[in-house]
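A.B. asks: The structure follows.
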Amino acid sequence: MFRPYRHIVDIIRDLVWKALQKCKIDFDKDNIKVEETRSRIYGDFFTTVAFSVAKKYFGEKFRENAVSLAERIASKINKIKPSIIACVRAENGYINFFLDRGLFAKFVIEGISHEWEKYGVFTSKRRKIIVEHTSANPIHPLHIGHARNAFIGDCLARINQFIGNEVSRRFYVNDCGRQVAVLMYGLRKLKNLRSNGVKLDHLCGAVYSCTASLLEANKNLKKLMRIVGTFRNTLRKSISKEKHHSFVMETLIRSIALGQDEIAQKIKAIVGDSHEVASVVQEIENLIKNVKISFEILSSVASKWPRIYYRLNLRIDSNADTHIRRIMQRYERGDRETVSYIRETVSRILGAIINTLKILHITFDAFDWESDLIWKGLVESITNELVKRGYAYRDSETGALFLNVQKILTDFPEMREFYFEGKNRTIKIENVKNPVLIRRDGTSLYLLRDIAYAYYKLQSLKVDVSINVIGVDQKLEQKHVVLALRALGIKDVLSRYKHVAYELIRLPGRKMSSRRGQYVSLDEIVIEAIRRAYEEITHRCERLSNEQKYALAKEIAIGAIKYALLSQAPTKVITFDWKRVLDFEQNSGPFIQYAHARAASILRKISWKIPDKCDLSLLKTPEEFEVIYKLSKFPEVLEEVIGTHRPDLLVEYTNELAMLFNKFYQKHPVLKAENEELKKARLMLVATFRRVIATAMKLLGITPLYRM
RNA sequence: GGGCCCGUGAUGUAGUAGGAUAGCAUGAGGGCUUGCGGAGCCCUUUGUCGCGGGUUCGAAUCCCGCCGGGCCCA
C-alpha cells in the first residue's frame with residue numbers, strides 16, 4: 001500500500017501538532033485539518049488550525065490572535081521540517097506548506113513504480129462482497145435507466161475487486177411479478193409470433209408494452225363508466241329539487257367526457273356548484289384525463305408496433321386480469337407446464353439482456369431467481385420467523401400481514417436515526433406506517449420477497465457486505481428491508497446492507513416507462529454511438545482495416561456512453577440527451593482514451609523500455625508537478641468512491657488527470673528533451689501516468705486504447 | 001397533507017464534516033501545428049451559488065422559513 005498524498009498530509013499534521021505542543025497549546029491531533037490549496041500561490045497544502053485554536057482559546061481579538069499564532073506555528077515548523085517540505089509560510093492566519101517539487105516527484109514516482117498495477121489499493125482488509133445491480137425485469141430490453149444502474153454497479157464491483165475484496169456480481173431475476181405474467185399472457189394471445197430478426201428482448205418488450213397499455217386503457221375506461229353511473233345518481237338527487245331536465249345532466253357528462261370544456265363550464269354554471277357536484281365533477285375529470293393518457297399511449301404503442309398491437313387488441317379478454325392472476329398463482333405453486341414455459345421464455349430474454357451487457361464489458365457471477373426463493377420455502381420461513389419474533393402481525397380488520405416497523409423502531413433505538421435520517425424530532429414512531437407483507441388473498445408483496453433475498457445474501461451466502469444498486473424510488477422499501485433484517489437478528493445490518501440509490505433518467509418532459517413503451521433502448525444507443533465513432537475514425541485513420549476500425553469504434557463508443565452516464569453524481573436526475581451521450585470532445589470518454597493513447601504512443605517509440613534509473617528530482621516545472629500531485633491522490637479518490645458509492649468522483653479525477661497530462665504534453669517535449677537525464681525522467685513520468693490512468697479507466701470499465 | 005433528493009455563468013456540472021480570488025466543460029470569439037498523434041493546447045467572454053432571514057472573525061457549504069423541479073408515502 002502506497003498512499004503518497006496521505007503520507008504527506010500525515011507528515012504535515014504531525015509537524016503542526018508538534019509545533020502546537022511547543023507553543024504549549026493543547027489541541028487534538030485528529031482535528032488538525034490539512035487540505036490541498038485551491039491555488040498554488042498559497043502553496044501546495046494548507047491548514048486553518050490557527051483559526052480553530054484562536055476560536056477555542058481567545059474569543060475576542062480573534063483575528064489578531066489567529067494571525068500571530070499562525071506565524072508562531074510556522075516559524076516553529078520551519079525549524080523541524082523534513083526536506084520534502086521546502087518551506088512553511090503564515091499568511092493571514094493560514095499556514096501554507098510548499099513542497100520541494102524535486103523530492104516530491106522522486107517520492108511519488110518511485111513509490112508508484114514499486115507498486116505499479118497495484119497502485120491505488122488503499123487497504124489490506126479482505127472482505128467478501130456482493131454487488132447486486134441492474135436486476136431489470138426480464139421482459140423488455142434494457143434502456144438507459146438500466147444502463148446507469150449497470151455502470152454504477154459494475155464500477156463499484158471493479159473497484160472492490162481491485163482493492164482485494166472477493167466480489168460476487170449478482171442479478172436478481174424478478175420472475176414472479178405481475179409484469180412477467182402480463183407478458184406471458186400477451187405471448188399466449190399471439191401464438192406463432194414471428195420475430196422477423198428482431199432481438200428477443202425488443203420483441204417481448206413490444207408485446208409487454210402493448211399488452212400492458214391495453215389492459216391499463218381498459219381498466220381506466222371501466223372506472224370511468226362506473227363513476228359516470230354514480231355521477232348520474234348524484235346529480236339527479238341534488239338537482240331534482242330545482243327540476244332540471246335529465247337532458248342537462250346527460251349533456252354535462254357527455255361534454256366533460258368529450259373534452260368540450262366550454263360547454264361543460266356553461267352547464268355547470270346553470271346546474272350550480274354544490275360541493276357534492278363539484279367533487280364528483282373533479283373525479284370524473286381526473287378519470288377522463290387518465291383515459292385520454294391511456295389512449296395517447298395506445299396510439300403511440302400502436303404506431304410503434306402495429307402488427308403486435310392490432311392482433312392483441314382483437315384477442316385480449318375482457319377478464320384478462322383473472323387470467324393473469326391465474327398465471328401468477330400457477331407459477332408460484334410450481335405448476336409444471338407454467339414453470340417450464342415461463343422459465344424458458346424468461347431465460348431466453350435474459351440471454352438477450354446479457355448480450356447487451358456483454359458488449360459493454362459487464363458480466364455477472366450469478367443470477368438469483370425470485371421464484372427459487374419462493375419454491376425453496378425461504379420466503380415462507382422468513383415470514384414465520386418474523387411472526388414468531390413478533391415483528392409481523394395479522395391485521396384483523398384488513399386480514400393482511402403487516403411488518404411491524406413501529407415495534408422494530410421501538411425495540412432497536414439504533415435503527416431510528418437510520419430510518420428518520422437524523423430528523424427524528426418531527427416524526428413520532430406512532431405515526432409511522434407499517435407496510436403490508438402479504439395481502440388478504442394470500443399473495444405476497446415485493447417487499448417480503450426482497451427481505452427474503454436480502455437475508456439470503458447476507459446469511460446463506462455469508463458475505464460481509466451486500467451492495468445493492470437500486471433506484472431512489474425504492475428508498476422507503478429498502479429501509480423496510482433493513483429494518484426487517486434487524487428484526488430477524490442481524491445486528492450489524494446497517495454496515496452490511498447498503499442501498500446505493502441513484503436517480504432515474506428522464507426523457508425530455510416525461511418519465512421513462514417500459515410499461516408504456518416510452519424508452520430509449522440501450523441497444524439503439526450503443527449502435528448509434530458506434531456508428532458515430534466509426535465515422536470519426538474513418539476520417540482520421542484511413543490505413544486501418546474495417547474490422548480494426550469497427551473494434552476501435554466500439555471501444556470509443558462504449559467509453560463515451562459510460563463516461564456520460566457515470567460522470568454525474570447518482571443523486572442527480574439526468575434528462576436524456578443524445579448530444580451528451582455521443583460527445584467525443586473534451587470531458588468525455590474518448591478524451592481520456594486519447595490522453596492514454598498519446599502517452600502510449602511515446603512509450604511505443606522507445607519500445608516500452610522504461611529507464612530503470614534516472615534522476616526524478618529533475619521534474620520541477622509546474623506542469624510536471626501538477627501531474628505528479630494528481631497521481632499522488634489516486635488511492636484517496638478510490639477510498640472516497642468506495643465510501644460514498646460515487647463513481648462520478650473517479651470519472652472527474654480521471655478527466656482532470658488527462659487534462660493535466662495534455663497540458664504537460666503540449667508544453668514539454670519528452671523524446672526531444674533538453675538533455676538525456678531529463679528525457680529519462682520525463683519518460684518515467686509518462687510511463688507512470690499511463691499506468692495510473694489505465695488502472696483508473698479499467699475501474700470505470702472504459703478500455704484504454706493504444707491507438708485511435 | 002407528511003418525508004427524501006436536487007436547484008451554482010446561455011447550457012451541463014464540481015465544490016456542501018465552514019476558510020483565501022466559486023473550479024471544469026460545452027457554447028461564442030481569437031490564436032497555436034512541416035508534430036513525442038490538433039479527438040489537443042493557450043487567450044477572451046458570461047455567475048445576485050433559487051429567494052429571504054439567522055449563527056460566525058469568515059457561509060455555495062451550518063440553522064430556520066419560503067419558491068421551483070423530481071421521487072416516495074397518503
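For the C-alpha cells, the naming scheme is as follows: chains receive sequential letters (A, B, ...) according to their order of presentation, residues are indexed from 1 within each chain, and ligands are indexed from 1 in presentation order.
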Give the residues of chain A that lie within 8 Å of chain B; count only C-alpha atoms (C1' of nucleotides), and format the answer as a count of residues only.

C.D. replies: 29

A.B. asks: Calculate how many Å separate CA of Ile32 (chain A) from CA of Asp44 (chain A), rounding to one decimal.

C.D. replies: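 Between CA of Ile32 (chain A) and CA of Asp44 (chain A) the gap works out to 16.4 Å.
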
A.B. asks: Figure out the distance between C1' of C43 (chain B) and C1' of G31 (chain B), please, to one decimal in Å.

C.D. replies: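 Between C1' of G31 (chain B) and C1' of C43 (chain B) the gap is 7.3 Å.
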
A.B. asks: Determine, counting only C-alpha atoms (C1' of nucleotides), which protein, DNA and RNA residues have an atom within 10 Å of an atom of Gly205 (chain A); residues of the same chain fewer than 3 positions away are not included. Present the result as a PyMOL selection string.

C.D. replies: chain A and resi 138-142+183+199-202+208-211+349+514-517

A.B. asks: Which residues, written as a list of chain:residue names, have at least one atom at most 10 Å from Ile530 (chain A), with only C-alpha atoms (C1' of nucleotides) counted and residues fewer than 5 positions away on the same chain left out?

C.D. replies: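 Non-adjacent residues within range: A:Glu524, A:Ile525, A:Glu535, A:Glu536, A:Tyr550, A:Ala551, A:Leu552, A:Ala553, A:Lys554, A:Glu555, A:Ile556, A:Ala557, A:Ile558, A:Ala560, A:Leu582.
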